[in-house]
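Asks: Here you go, one structure.
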Amino acid sequence: EAWVRLAGPVGAERSGDVLNLMESDAFQVIECPDRESWLQTRRLGIGASDAAAVLGFSPWKGPIKVYTEKIGLELEADDETEAMEWGRRLEPAVAAKYEEETSRPLVHLGDFTVLRSTRHPFMQATLDRWILSNGDPRGPGILQVKTAGTFKRDEWDGGEPPIFYQMQVMHEFVVAGVTWGSLAVLIGGQRFLWCDLELDTSFAAELVTREQAFWRRVEAKDPPPFFDRICRRRSS
């Protein structure tokens, strides 16, 4: 049975909801004591931030990069960029703003708490926040927090979040066993946006299938096609 250390105080009115979350059969809770052990745990499965890369939609890395990290040929970067540092520093403020605007109570399990899917154990996630149900008939949800520079604002002005972030949230839905969640973003340090996302069961099924195929390659040490995404772009 996993013991979970909450990252902040939880009032009595929320403690029961948190216990109910942790009793879910959808996932196993892995509490890592520090960042190093958390990074090691990430190598044991596909994380939410890996999902878009595995499918070839990440602007930062592709399937080969994820593959080499998982088999230990390349270490996942442990050094924070300045953008990553400020994203980490601003995450509590963005989450607090979301809680204020929506009146939805949030819980943070900690930066190094990993959830591993019991049905698909190759899928895991570190959630930014849980959204407690608070009477919502959909039950609890998950919140994904982002920060973006002003030059990225066009990616968020099209009426929906960037597809690679939607894939990340969909992965977390599967791991956490929930049907909805939210994306909240602070753009340029002064523009706050948020939106709800619902589980797309057909896309989630495709995501699981693609991630499972990728993980089988990791286990077999069989690298994925290097130019897969590029070839599909040129043929479309």
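Chains: A, B, ... in order of the structure tokens. Residues: from 1 per chain. Ligands: from 1, in order shown.
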Quick one: contact table of region 159-229 of chain A to region 66-69 of chain A, 10 Å max, nearest atom pair and distance in Å to one decimal per residue, counting only C-alpha atoms, chain and number order, as a tab-separated table?
Replies:
```
residue	atom	partner	partner_atom	distance
A:Phe214	CA	A:Tyr67	CA	8.3
A:Trp215	CA	A:Tyr67	CA	8.6
A:Arg217	CA	A:Tyr67	CA	8.3
A:Val218	CA	A:Tyr67	CA	6.3
A:Glu219	CA	A:Tyr67	CA	10.0
A:Lys221	CA	A:Tyr67	CA	8.6
A:Asp222	CA	A:Tyr67	CA	9.0
A:Pro223	CA	A:Tyr67	CA	6.7
A:Pro224	CA	A:Tyr67	CA	7.6
```
Asks: Which polymer residues have any atom within 10 Å of an atom of Tyr165 (chain A), counting only C-alpha atoms, with same-chain residues fewer than 4 positions away left out, as a PyMOL selection string?
Replies: chain A and resi 48-49+51-52+57-58+144+146+161+169-171+183
Asks: Which neighbours of Lys61 (chain A) fall inside 10 Å, counting only C-alpha atoms, when residues of the same chain fewer than 6 positions from it are skipped, and could you give them as a PyMOL selection string?
Replies: chain A and resi 50+52-54
Asks: Can I get the selection written as an mmCIF file, in the first residue's frame, with N, CA, C and O atoms?
Replies:
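Once written, result.cif looks like this:
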```cif
data_model
loop_
_atom_site.group_PDB
_atom_site.id
_atom_site.type_symbol
_atom_site.label_atom_id
_atom_site.label_comp_id
_atom_site.auth_asym_id
_atom_site.auth_seq_id
_atom_site.Cartn_x
_atom_site.Cartn_y
_atom_site.Cartn_z
ATOM 1 N N ASP A 50 5.831 12.354 -22.485
ATOM 2 C CA ASP A 50 6.395 11.544 -23.574
ATOM 3 C C ASP A 50 5.364 11.240 -24.654
ATOM 4 O O ASP A 50 5.728 10.854 -25.774
ATOM 5 N N ALA A 52 3.119 12.796 -26.676
ATOM 6 C CA ALA A 52 3.150 13.448 -27.994
ATOM 7 C C ALA A 52 4.420 13.099 -28.753
ATOM 8 O O ALA A 52 4.404 12.952 -29.981
ATOM 9 N N ALA A 53 5.531 12.949 -28.031
ATOM 10 C CA ALA A 53 6.796 12.585 -28.690
ATOM 11 C C ALA A 53 6.719 11.186 -29.276
ATOM 12 O O ALA A 53 7.194 10.933 -30.388
ATOM 13 N N VAL A 54 6.133 10.261 -28.545
ATOM 14 C CA VAL A 54 5.988 8.886 -29.028
ATOM 15 C C VAL A 54 5.154 8.851 -30.308
ATOM 16 O O VAL A 54 5.437 8.086 -31.237
#
```
Asks: Using only C-alpha atoms, can you tell me which of A:Phe122, A:Arg88, A:Leu21, A:Ser182 comes closest to Val107 (chain A)?
Replies: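 Comparing A:Phe122, A:Arg88, A:Leu21, A:Ser182 against Val107 (chain A), the winner is A:Leu21.
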Asks: Residues within 12 Å of Ile187 (chain A), please, as a PyMOL selection string. Count only C-alpha atoms; anything in the same chain fewer than 4 positions from it doesn't count.
Replies: chain A and resi 87+90+94+145-157+191-194
Asks: Within region 35-203 of chain A, find each residue whose DSSP state, derived from the backbone, is strand (DSSP E), and express the selection as a ChimeraX atom specification.
Replies: /A:106-107,113-117,124-125,129-131,141-148,180-187,191-198
Asks: List the neighbours of Arg119 (chain A) out to 10 Å using only C-alpha atoms; skip same-chain residues closer than 2 positions along the sequence, and give me the result as a PyMOL selection string.
Replies: chain A and resi 25-27+116-117+121-123+174-175+177
Asks: For the residues in that selection, give me N, CA and C atoms as a PDB file, in the first residue's frame.
Replies:
```
ATOM      1  N   ASP A  25      -8.646   1.936  -8.121  1.00  0.00           N
ATOM      2  CA  ASP A  25      -8.025   0.740  -8.695  1.00  0.00           C
ATOM      3  C   ASP A  25      -7.337   1.040 -10.029  1.00  0.00           C
ATOM      4  N   ALA A  26      -7.463   2.271 -10.509  1.00  0.00           N
ATOM      5  CA  ALA A  26      -6.936   2.613 -11.833  1.00  0.00           C
ATOM      6  C   ALA A  26      -5.422   2.703 -11.857  1.00  0.00           C
ATOM      7  N   PHE A  27      -4.812   2.986 -10.696  1.00  0.00           N
ATOM      8  CA  PHE A  27      -3.379   3.251 -10.697  1.00  0.00           C
ATOM      9  C   PHE A  27      -2.723   2.806  -9.399  1.00  0.00           C
ATOM     10  N   ARG A 116       1.041   5.023 -11.717  1.00  0.00           N
ATOM     11  CA  ARG A 116       1.271   4.038 -12.774  1.00  0.00           C
ATOM     12  C   ARG A 116      -0.031   3.279 -13.025  1.00  0.00           C
ATOM     13  N   SER A 117      -0.464   3.260 -14.262  1.00  0.00           N
ATOM     14  CA  SER A 117      -1.710   2.595 -14.619  1.00  0.00           C
ATOM     15  C   SER A 117      -1.640   1.109 -14.289  1.00  0.00           C
ATOM     16  N   PRO A 121       0.439  -0.865 -17.419  1.00  0.00           N
ATOM     17  CA  PRO A 121       1.550  -0.478 -16.537  1.00  0.00           C
ATOM     18  C   PRO A 121       2.712   0.209 -17.222  1.00  0.00           C
ATOM     19  N   PHE A 122       2.731   0.245 -18.543  1.00  0.00           N
ATOM     20  CA  PHE A 122       3.758   0.999 -19.268  1.00  0.00           C
ATOM     21  C   PHE A 122       3.410   2.485 -19.318  1.00  0.00           C
ATOM     22  N   MET A 123       2.227   2.872 -18.826  1.00  0.00           N
ATOM     23  CA  MET A 123       1.786   4.265 -18.812  1.00  0.00           C
ATOM     24  C   MET A 123       1.835   4.804 -17.387  1.00  0.00           C
ATOM     25  N   VAL A 174      -6.132   8.519 -18.973  1.00  0.00           N
ATOM     26  CA  VAL A 174      -6.055   7.057 -18.981  1.00  0.00           C
ATOM     27  C   VAL A 174      -5.394   6.546 -17.701  1.00  0.00           C
ATOM     28  N   VAL A 175      -4.281   7.168 -17.317  1.00  0.00           N
ATOM     29  CA  VAL A 175      -3.562   6.718 -16.131  1.00  0.00           C
ATOM     30  C   VAL A 175      -4.388   6.913 -14.871  1.00  0.00           C
ATOM     31  N   GLY A 177      -7.615   7.342 -14.618  1.00  0.00           N
ATOM     32  CA  GLY A 177      -8.945   6.751 -14.659  1.00  0.00           C
ATOM     33  C   GLY A 177     -10.053   7.775 -14.525  1.00  0.00           C
TER      34      GLY A 177
END
```
Asks: Please measure the separation of CA of Thr126 (chain A) and CA of Phe226 (chain A), giving the value in Å to one decimal.
Replies: 27.6 Å
Asks: Within 10 Å of Asp200 (chain A), counting only C-alpha atoms, which residues qualify if same-chain residues fewer than 2 places away don't, as a list in words?
Replies: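 These residues fall inside the cut-off: Met170, Phe173, Thr179, Trp180, Leu197, Glu198, Ser202, Phe203, Ala204 and Ala205 of chain A.
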Asks: Determine the nearest neighbour of Pro162 (chain A) from the options A:Gly72, A:Pro137, A:Gly181, A:Pro59, counting only C-alpha atoms.
Replies: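 Counting only C-alpha atoms, the residue closest to Pro162 (chain A) is A:Pro59.
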Asks: Phe112 (chain A): which residues within 8 Å, counting only C-alpha atoms, same-chain residues fewer than 6 positions away excluded, as an MDAnalysis selection string?
Replies: chainID A and resid 31:35 38 126
Asks: Calculated over only C-alpha atoms, which of the candidates A:Leu44, A:Ile30, A:Leu132, A:Val208 has the smallest distance to Val178 (chain A)?
Replies: A:Leu132
Asks: Out of A:Tyr98, A:Asp128, A:Leu199, A:Phe164, which residue has the shortest atom-to-atom distance to Trp60 (chain A) when counting only C-alpha atoms?
Replies: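 Between A:Tyr98, A:Asp128, A:Leu199, A:Phe164, the residue approaching Trp60 (chain A) most closely is A:Phe164.
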